[in-house]
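Chemist: Got a structure here, written out as structure tokens. Questions coming.
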Amino acid sequence: MKKNIEERACQIALYMIENKATVRKAAQRFGISKSTVHKDLSERLPAFHKTLYDQVKPVLDENKAQRHIRGGIATQRKYRGE
């Protein structure tokens with residue numbers, strides 16, 4: 001695996017842990033796609049840095065559990081004109 005991919009995955013994980021950021025916000029911050037962020041954190045990170053993965057996993061799980069709520073709020077704002 002390329003060194004820069006490992007470094008990127010670690011940086012993304014640290015950013016998400018420190019800021020409780022969503023995958024979308026992390027993708028915007030690092031200028032990559034959401035699918036790349038997800039792949040880096042869920043597939044690549046556990047292969048070379050298990051402890052960091054164990055720290056970022058609860059953030060990913062929390063975001064996944066809340067995404068339908070955020071989507072509903074966004075739709076509500078859209079139709080209210082906010």
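Just remember, in the structure tokens the first chain shown is A, the second B, etc., residues are 1-based per chain, and ligands are 1-based in the order shown.
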May I have the residues within 10 Å of A:Asp40 as a PyMOL selection string, using only C-alpha atoms and disregarding those fewer than 2 positions away in the same chain?
Modeler: chain A and resi 5-6+8-10+12-13+34-38+42-46
Chemist: Please write the residues from the selection above to a file, keeping N, CA, C and O atoms, as a JSON list (two decimals), in the first residue's frame.
Modeler:
[["chain", "number", "residue", "atom", "x", "y", "z"],
["A", 5, "ILE", "N", -1.26, 7.12, 0.95],
["A", 5, "ILE", "CA", -2.62, 6.68, 1.25],
["A", 5, "ILE", "C", -2.76, 6.38, 2.74],
["A", 5, "ILE", "O", -3.75, 6.74, 3.37],
["A", 6, "GLU", "N", -1.75, 5.75, 3.31],
["A", 6, "GLU", "CA", -1.77, 5.47, 4.75],
["A", 6, "GLU", "C", -1.78, 6.77, 5.56],
["A", 6, "GLU", "O", -2.52, 6.89, 6.52],
["A", 8, "ARG", "N", -2.84, 9.70, 4.53],
["A", 8, "ARG", "CA", -4.12, 10.36, 4.32],
["A", 8, "ARG", "C", -5.20, 9.73, 5.21],
["A", 8, "ARG", "O", -5.98, 10.43, 5.84],
["A", 9, "ALA", "N", -5.22, 8.41, 5.27],
["A", 9, "ALA", "CA", -6.22, 7.72, 6.09],
["A", 9, "ALA", "C", -6.05, 8.10, 7.56],
["A", 9, "ALA", "O", -7.05, 8.34, 8.25],
["A", 10, "CYS", "N", -4.83, 8.18, 8.03],
["A", 10, "CYS", "CA", -4.58, 8.58, 9.42],
["A", 10, "CYS", "C", -5.01, 10.02, 9.67],
["A", 10, "CYS", "O", -5.62, 10.32, 10.70],
["A", 12, "ILE", "N", -7.28, 11.75, 8.02],
["A", 12, "ILE", "CA", -8.75, 11.81, 7.98],
["A", 12, "ILE", "C", -9.33, 11.30, 9.30],
["A", 12, "ILE", "O", -10.24, 11.91, 9.87],
["A", 13, "ALA", "N", -8.81, 10.19, 9.79],
["A", 13, "ALA", "CA", -9.30, 9.61, 11.04],
["A", 13, "ALA", "C", -9.11, 10.59, 12.19],
["A", 13, "ALA", "O", -10.03, 10.81, 12.99],
["A", 34, "LYS", "N", -16.50, 11.25, -0.98],
["A", 34, "LYS", "CA", -17.01, 10.58, 0.22],
["A", 34, "LYS", "C", -16.67, 9.09, 0.19],
["A", 34, "LYS", "O", -16.36, 8.51, 1.23],
["A", 35, "SER", "N", -16.74, 8.51, -0.99],
["A", 35, "SER", "CA", -16.44, 7.08, -1.09],
["A", 35, "SER", "C", -14.98, 6.79, -0.78],
["A", 35, "SER", "O", -14.65, 5.75, -0.20],
["A", 36, "THR", "N", -14.09, 7.71, -1.14],
["A", 36, "THR", "CA", -12.67, 7.54, -0.81],
["A", 36, "THR", "C", -12.46, 7.63, 0.70],
["A", 36, "THR", "O", -11.70, 6.84, 1.27],
["A", 37, "VAL", "N", -13.12, 8.58, 1.34],
["A", 37, "VAL", "CA", -13.02, 8.70, 2.80],
["A", 37, "VAL", "C", -13.51, 7.42, 3.45],
["A", 37, "VAL", "O", -12.85, 6.85, 4.33],
["A", 38, "HIS", "N", -14.66, 6.94, 3.00],
["A", 38, "HIS", "CA", -15.23, 5.72, 3.59],
["A", 38, "HIS", "C", -14.30, 4.52, 3.38],
["A", 38, "HIS", "O", -14.06, 3.75, 4.30],
["A", 42, "SER", "N", -12.75, 2.56, 6.47],
["A", 42, "SER", "CA", -13.36, 1.27, 6.81],
["A", 42, "SER", "C", -12.57, 0.07, 6.28],
["A", 42, "SER", "O", -12.66, -1.01, 6.85],
["A", 43, "GLU", "N", -11.78, 0.25, 5.22],
["A", 43, "GLU", "CA", -11.04, -0.88, 4.65],
["A", 43, "GLU", "C", -9.53, -0.76, 4.84],
["A", 43, "GLU", "O", -8.87, -1.72, 5.23],
["A", 44, "ARG", "N", -8.98, 0.40, 4.54],
["A", 44, "ARG", "CA", -7.53, 0.55, 4.56],
["A", 44, "ARG", "C", -6.98, 0.76, 5.97],
["A", 44, "ARG", "O", -5.97, 0.16, 6.34],
["A", 45, "LEU", "N", -7.60, 1.63, 6.74],
["A", 45, "LEU", "CA", -7.10, 1.95, 8.07],
["A", 45, "LEU", "C", -6.98, 0.73, 8.99],
["A", 45, "LEU", "O", -5.95, 0.58, 9.65],
["A", 46, "PRO", "N", -7.95, -0.16, 9.06],
["A", 46, "PRO", "CA", -7.81, -1.32, 9.96],
["A", 46, "PRO", "C", -6.63, -2.22, 9.59],
["A", 46, "PRO", "O", -6.09, -2.92, 10.44]]
Chemist: Tell me, in Å to one decimal, how far atom CA of A:Val23 is from atom CA of A:Gly71.
Modeler: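 Computing the Euclidean distance for atom CA of A:Val23 and atom CA of A:Gly71 yields 14.0 Å.
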Chemist: For the atom pair atom CA of A:Gly31 and atom CA of A:Glu18, what is the interatomic distance in Å to one decimal place?
Modeler: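 Distance between the two atoms: 18.3 Å.
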Chemist: Under the rule that only C-alpha atoms are counted, which of A:Ala65, A:Ala47, A:Ala74, A:Ala26 is the nearest residue to A:Leu14?
Modeler: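 Using only C-alpha atoms, the shortest distance to A:Leu14 belongs to A:Ala26.
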